[in-house]
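Below: input_13.txt (compact mmCIF, C-alpha atoms)
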```txt
# COMPACT_ATOMS: atom_id res chain seq x y z
CA MET A 16 82.27 107.23 122.34
CA SER A 17 84.77 104.46 123.05
CA ARG A 18 88.32 104.48 121.71
CA ARG A 19 87.39 101.54 119.47
CA ASP A 20 84.44 103.45 118.00
CA GLU A 21 86.61 106.53 117.47
CA ILE A 22 89.17 104.49 115.52
CA ARG A 23 86.50 102.90 113.34
CA GLU A 24 84.70 106.17 112.66
CA LYS A 25 87.95 107.84 111.65
CA ALA A 26 88.87 104.88 109.44
CA LEU A 27 85.60 105.14 107.53
CA LYS A 28 86.26 108.83 106.88
CA ASP A 29 89.87 108.11 105.89
CA LEU A 30 88.76 105.45 103.41
CA GLN A 31 86.63 108.09 101.71
CA GLN A 32 89.36 110.71 101.86
CA TYR A 33 91.85 108.38 100.16
CA GLU A 34 89.13 107.46 97.61
CA VAL A 35 89.22 103.81 98.61
CA LEU A 36 85.52 103.93 99.47
CA MET A 37 83.67 106.06 96.93
CA LEU A 38 80.08 106.90 97.88
CA ASN A 39 77.23 108.56 96.05
CA GLY A 40 78.59 107.98 92.57
CA HIS A 41 77.33 106.14 89.50
CA PHE A 42 79.56 103.17 88.85
CA ASP A 43 79.56 100.65 86.03
CA PHE A 44 81.13 97.48 87.44
CA GLY A 45 81.71 95.93 84.03
CA ASN A 46 79.65 92.85 84.87
CA GLY A 47 76.26 94.12 83.75
CA PHE A 48 75.49 95.85 87.06
CA HIS A 49 75.54 99.47 88.20
CA GLY A 50 75.58 100.94 91.71
CA PRO A 51 76.26 104.09 93.76
CA VAL A 52 79.19 102.75 95.82
CA TYR A 53 82.60 101.59 94.61
CA LEU A 54 85.49 100.19 96.59
CA ASN A 55 88.92 100.67 95.05
CA PRO A 56 91.36 98.66 97.20
CA HIS A 57 94.23 99.56 94.85
CA GLN A 58 94.16 103.02 96.41
CA LEU A 59 95.12 101.43 99.72
CA PHE A 60 98.44 100.30 98.31
CA ARG A 61 99.27 103.17 96.01
CA TYR A 62 101.38 104.67 98.79
CA PRO A 63 102.93 102.27 101.34
CA SER A 64 102.38 104.83 104.09
CA THR A 65 98.62 104.64 103.52
CA ILE A 66 98.29 100.93 104.21
CA TRP A 67 100.77 101.31 107.07
CA ARG A 68 98.40 103.77 108.78
CA PHE A 69 95.33 101.59 108.27
CA ALA A 70 97.22 98.52 109.47
CA GLN A 71 98.22 100.36 112.66
CA ASP A 72 94.60 101.23 113.34
CA LEU A 73 93.47 97.67 112.65
CA LEU A 74 96.02 96.35 115.14
CA ASP A 75 94.72 98.81 117.73
CA LEU A 76 91.28 97.19 117.43
CA LEU A 77 92.47 93.63 117.97
CA PRO A 78 92.36 92.14 121.48
CA GLY A 79 95.74 92.23 123.20
CA SER A 80 95.67 88.49 123.76
CA LEU A 81 95.23 87.91 120.02
CA VAL A 82 98.07 90.25 119.13
CA GLU A 83 100.35 88.53 121.63
CA ALA A 84 99.49 85.00 120.51
CA THR A 85 99.86 85.56 116.74
CA GLU A 86 102.87 83.77 115.26
CA VAL A 87 101.99 84.04 111.56
CA VAL A 88 100.06 86.67 109.62
CA ALA A 89 98.70 85.35 106.33
CA GLY A 90 96.71 86.93 103.52
CA PRO A 91 95.61 86.22 99.94
CA VAL A 92 97.35 87.87 97.02
CA THR A 93 97.47 90.66 96.25
CA GLY A 94 95.95 93.12 98.70
CA GLY A 95 95.59 90.69 101.58
CA ALA A 96 99.20 89.56 101.27
CA LEU A 97 100.47 93.15 101.26
CA LEU A 98 98.40 93.89 104.35
CA ALA A 99 99.58 90.70 106.06
CA HIS A 100 103.22 91.57 105.39
CA THR A 101 102.70 95.05 106.83
CA ILE A 102 100.92 93.78 109.95
CA ALA A 103 103.58 91.15 110.60
CA GLY A 104 106.23 93.86 110.63
CA LEU A 105 104.16 96.17 112.81
CA LEU A 106 103.55 93.37 115.31
CA ASP A 107 107.29 92.98 115.78
CA SER A 108 107.69 96.73 116.26
CA ARG A 109 105.34 96.46 119.26
CA ARG A 110 107.13 93.52 120.89
CA GLU A 111 110.30 93.05 122.84
CA ILE A 112 113.37 92.51 120.69
CA THR A 113 113.79 89.08 122.30
CA HIS A 114 110.35 87.95 121.09
CA PRO A 115 110.50 85.50 118.15
CA PRO A 116 109.83 87.42 114.91
CA THR A 117 106.37 87.20 113.39
CA LEU A 118 106.17 85.10 110.24
CA PHE A 119 104.38 86.06 107.03
CA ALA A 120 102.61 83.71 104.62
CA PRO A 121 100.86 84.61 101.34
CA PHE A 122 98.06 82.56 99.81
CA THR A 123 98.78 82.36 96.09
CA LEU A 124 96.56 81.39 93.17
CA ASP A 125 96.49 77.88 91.75
CA ALA A 126 95.77 76.82 88.16
CA GLU A 127 92.03 77.21 88.73
CA CYS A 128 92.51 80.71 90.20
CA GLY A 129 91.64 79.45 93.67
CA HIS A 130 93.83 80.23 96.65
CA THR A 131 96.46 77.80 97.84
CA LEU A 132 99.50 77.58 100.13
CA THR A 133 102.76 76.44 98.60
CA ARG A 134 104.58 73.58 100.30
CA PHE A 135 107.11 76.00 101.77
CA TYR A 136 104.39 77.98 103.55
CA GLN A 137 102.49 74.83 104.53
CA ARG A 138 105.58 73.71 106.46
CA LEU A 139 105.92 77.17 107.97
CA MET A 140 102.28 77.15 109.11
CA SER A 141 102.36 73.74 110.77
CA GLY A 142 101.91 73.95 114.54
CA ARG A 143 101.60 77.74 114.59
CA LYS A 144 98.86 80.24 115.45
CA ALA A 145 97.79 82.44 112.57
CA LEU A 146 95.89 85.65 111.93
CA VAL A 147 94.30 85.67 108.46
CA VAL A 148 93.80 89.15 106.99
CA ASP A 149 92.49 90.67 103.78
CA ASP A 150 91.96 94.19 102.53
CA VAL A 151 88.21 93.70 101.94
CA ARG A 152 85.61 91.15 102.99
CA ASN A 153 82.79 90.64 100.51
CA THR A 154 81.01 87.29 100.79
CA GLY A 155 83.64 85.90 103.15
CA GLN A 156 84.40 82.96 100.88
CA THR A 157 88.04 83.92 100.33
CA GLN A 158 88.72 84.19 104.05
CA ALA A 159 86.95 80.89 104.70
CA ARG A 160 89.09 79.19 102.05
CA CYS A 161 92.26 80.63 103.58
CA VAL A 162 91.24 79.52 107.07
CA GLU A 163 90.72 75.99 105.77
CA LEU A 164 94.15 76.01 104.10
CA VAL A 165 95.82 76.97 107.38
CA ARG A 166 94.03 74.15 109.18
CA ARG A 167 94.99 71.62 106.52
CA ALA A 168 98.60 72.70 106.95
CA GLY A 169 98.40 71.96 110.68
CA GLY A 170 98.06 75.55 111.87
CA THR A 171 95.47 77.18 114.11
CA VAL A 172 93.57 80.28 112.99
CA LEU A 173 92.97 82.69 115.85
CA ALA A 174 90.85 85.17 113.90
CA THR A 175 90.27 86.89 110.58
CA ALA A 176 90.48 90.65 110.03
CA GLU A 177 90.14 93.17 107.24
CA ILE A 178 90.35 96.88 106.54
CA TYR A 179 86.82 97.12 105.16
CA ASP A 180 83.81 94.85 105.54
CA ARG A 181 81.00 95.25 103.01
CA MET A 182 78.69 93.44 105.48
CA GLU A 183 77.64 90.94 102.83
CA ALA A 184 79.33 87.83 104.25
CA ILE A 185 77.49 84.58 103.63
CA VAL A 186 80.21 82.23 104.91
CA ASP A 187 81.29 81.87 108.53
CA PRO A 188 84.80 80.39 108.94
CA GLY A 189 84.10 79.70 112.61
CA VAL A 190 86.58 82.18 114.11
CA PRO A 191 86.20 85.77 115.34
CA ASN A 192 86.34 88.47 112.68
CA PHE A 193 87.50 92.06 113.16
CA ALA A 194 86.88 94.88 110.68
CA LEU A 195 88.47 98.30 110.84
CA ALA A 196 85.51 99.83 108.98
CA GLU A 197 82.07 98.61 107.96
CA TYR A 198 79.67 100.01 105.39
CA LYS A 199 76.64 98.29 103.95
CA ALA A 200 76.32 99.43 100.35
CA PRO A 201 72.95 99.53 98.57
CA ASP A 202 72.29 96.56 96.31
CA ASN A 203 73.66 96.83 92.79
CA VAL A 204 71.12 96.71 89.96
CA PRO A 205 71.20 95.42 86.37
CA ALA A 206 72.42 98.16 84.03
CA GLU A 207 69.14 98.17 82.10
CA GLU A 208 67.25 98.89 85.34
CA CYS A 209 69.65 101.50 86.73
CA PRO A 210 67.74 104.53 88.10
CA LEU A 211 70.87 106.67 87.80
CA CYS A 212 71.04 105.97 84.08
CA ARG A 213 67.36 106.79 83.72
CA ALA A 214 67.95 110.07 85.56
CA GLY A 215 70.76 110.95 83.15
CA VAL A 216 73.50 110.82 85.80
CA PRO A 217 76.83 110.26 84.02
CA VAL A 218 78.95 107.26 84.98
CA THR A 219 81.64 108.27 87.48
CA THR A 220 85.17 108.19 86.13
CA PHE A 221 88.44 108.37 88.05
```
Structure translated into structure tokens:
Amino acid sequence: MSRRDEIREKALKDLQQYEVLMLNGHFDFGNGFHGPVYLNPHQLFRYPSTIWRFAQDLLDLLPGSLVEATEVVAGPVTGGALLAHTIAGLLDSRREITHPPTLFAPFTLDAECGHTLTRFYQRLMSGRKALVVDDVRNTGQTQARCVELVRRAGGTVLATAEIYDRMEAIVDPGVPNFALAEYKAPDNVPAEECPLCRAGVPVTTF
């Protein structure tokens, strides 16, 4: 097994240990659907040391050329921005003290609850090479939107990356993507058709 595979296998186990990725349960998602797998990204950030460890592992998976070229790490609020801030700091800890410090940029929410870059961060992004990160990738639409915002601001996106990929992406932003862990969850079902409910399995609480 390669070093890369070892890191990813350990990360998948760690996500379960920290109850970020909860398998084999019976979850009510509050949107009319039930399923056996639940991802709780809030658990990633409950303790700063937890996300610090996952961010270190994610950096270890990235190509050295990408790590060296990154000038800005950007992520959408809230989880992606926290991860981006952590990675930006860790990048500097791996570089010579004379290297220009890595910049951080959060994508915030606009009035329509879509992601945007404020004018301050648009100016910061212009002419720079960025790594766009998020805690979780679902459909990929959030990352694609963030990539487009960087480009509009005059920056270049080198890649996207995330802690956990649900392997359900339907949008390709046109840059390489790197996931620390991947897990394809079974499809969720309408609550009225839920086999777990029919079997009398109680809804998982935590």
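Proximity ranking of A:Glu207, A:Ala120, A:Ile185, A:Leu59 relative to Gln32 (chain A) places A:Leu59 first, based on all atoms listed in the file.
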Just the residues within 10 Å of Leu77 (chain A), please, counting only C-alpha atoms, with nothing from its chain fewer than 2 positions along; format it as a PyMOL selection string.
chain A and resi 19+72-75+79-82+174+176+192-195
Report as a PDB file with C-alpha atoms, in the frame of the given file all protein, DNA and RNA residues lying within 12 Å of Pro201 (chain A), evaluated on all atoms listed in the file, omitting residues in the same chain fewer than 6 positions from it.
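To be explicit, this is the file written out as part_27.pdb:
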```pdb
ATOM      1  CA  LEU A  38      80.080 106.900  97.880  1.00  0.00           C
ATOM      2  CA  ASN A  39      77.230 108.560  96.050  1.00  0.00           C
ATOM      3  CA  GLY A  40      78.590 107.980  92.570  1.00  0.00           C
ATOM      4  CA  HIS A  49      75.540  99.470  88.200  1.00  0.00           C
ATOM      5  CA  GLY A  50      75.580 100.940  91.710  1.00  0.00           C
ATOM      6  CA  PRO A  51      76.260 104.090  93.760  1.00  0.00           C
ATOM      7  CA  VAL A  52      79.190 102.750  95.820  1.00  0.00           C
ATOM      8  CA  TYR A  53      82.600 101.590  94.610  1.00  0.00           C
ATOM      9  CA  ARG A 181      81.000  95.250 103.010  1.00  0.00           C
ATOM     10  CA  MET A 182      78.690  93.440 105.480  1.00  0.00           C
ATOM     11  CA  GLU A 183      77.640  90.940 102.830  1.00  0.00           C
TER      12      GLU A 183
END
```
List as a list in words the protein and nucleic acid residues near Arg143 (chain A), meaning an atom at most 8 Å away when all atoms listed in the file are counted, but skip any in the same chain fewer than 2 places from it.
Glu86, Val87, Leu139, Met140, Ser141, Ala145, Gly169, Gly170 and Thr171 of chain A
What box, with edges along x, y and z, holds each listed atom of region 167-181 of chain A when 5 Å is added on every side, and can you state its centre and edge lengths in Å to one decimal, as AutoDock Vina command-line options?
```
--center_x 89.8 --center_y 84.4 --center_z 109.4 --size_x 27.6 --size_y 35.5 --size_z 22.8
```
Could you give me, as a PyMOL selection string, the residues within 12 Å of region 60-64 of chain A, counting only C-alpha atoms and dropping anything in the same chain fewer than 2 positions from it?
chain A and resi 33-35+55-58+66-71+93-98+100-101+150
Enter the distance from CA of Thr175 (chain A) to CA of Ala99 (chain A), in Å, rounded to one decimal.
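The value is 11.0 Å.
For the atom pair formed by CA of Val147 (chain A) and CA of Val172 (chain A), the distance is 7.1 Å, given to one decimal.
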Could you work out how far CA of Leu30 (chain A) lies from CA of Phe48 (chain A), giving the answer in Å with one decimal?
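Distance reported for this atom pair: 23.1 Å.
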Taking 6 positions as the minimum chain separation for residues in the same chain, which residues sit within 12 Å of Thr131 (chain A) when counting all atoms listed in the file? Answer as a ChimeraX atom specification.
/A:89-92,120-125,137,157-158,160-165,167-168
Residues of the last selection are to be written out with C-alpha atoms, as a PDB file, keeping the file's coordinate frame.
```
ATOM      1  CA  ALA A  89      98.700  85.350 106.330  1.00  0.00           C
ATOM      2  CA  GLY A  90      96.710  86.930 103.520  1.00  0.00           C
ATOM      3  CA  PRO A  91      95.610  86.220  99.940  1.00  0.00           C
ATOM      4  CA  VAL A  92      97.350  87.870  97.020  1.00  0.00           C
ATOM      5  CA  ALA A 120     102.610  83.710 104.620  1.00  0.00           C
ATOM      6  CA  PRO A 121     100.860  84.610 101.340  1.00  0.00           C
ATOM      7  CA  PHE A 122      98.060  82.560  99.810  1.00  0.00           C
ATOM      8  CA  THR A 123      98.780  82.360  96.090  1.00  0.00           C
ATOM      9  CA  LEU A 124      96.560  81.390  93.170  1.00  0.00           C
ATOM     10  CA  ASP A 125      96.490  77.880  91.750  1.00  0.00           C
ATOM     11  CA  GLN A 137     102.490  74.830 104.530  1.00  0.00           C
ATOM     12  CA  THR A 157      88.040  83.920 100.330  1.00  0.00           C
ATOM     13  CA  GLN A 158      88.720  84.190 104.050  1.00  0.00           C
ATOM     14  CA  ARG A 160      89.090  79.190 102.050  1.00  0.00           C
ATOM     15  CA  CYS A 161      92.260  80.630 103.580  1.00  0.00           C
ATOM     16  CA  VAL A 162      91.240  79.520 107.070  1.00  0.00           C
ATOM     17  CA  GLU A 163      90.720  75.990 105.770  1.00  0.00           C
ATOM     18  CA  LEU A 164      94.150  76.010 104.100  1.00  0.00           C
ATOM     19  CA  VAL A 165      95.820  76.970 107.380  1.00  0.00           C
ATOM     20  CA  ARG A 167      94.990  71.620 106.520  1.00  0.00           C
ATOM     21  CA  ALA A 168      98.600  72.700 106.950  1.00  0.00           C
TER      22      ALA A 168
END
```
Best match for closeness to Ala184 (chain A) among A:Glu21, A:Glu208, A:Glu83, A:Glu197, counting all atoms listed in the file:
A:Glu197
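For the residues A:Gly129, A:Pro191, A:Pro205, A:Gly215, ranking by smallest atom-to-atom distance to Glu177 (chain A) using all atoms listed in the file places A:Pro191 first.
Ranking A:Asp180, A:Asp107, A:Asp149, A:Glu24 by their shortest atom-to-atom distance to Lys199 (chain A), with all atoms listed in the file included, puts A:Asp180 first.
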So which one's closest to Lys25 (chain A), A:Arg166, A:Arg213, A:Lys144, A:Ala196? Using only C-alpha atoms, please.
A:Ala196
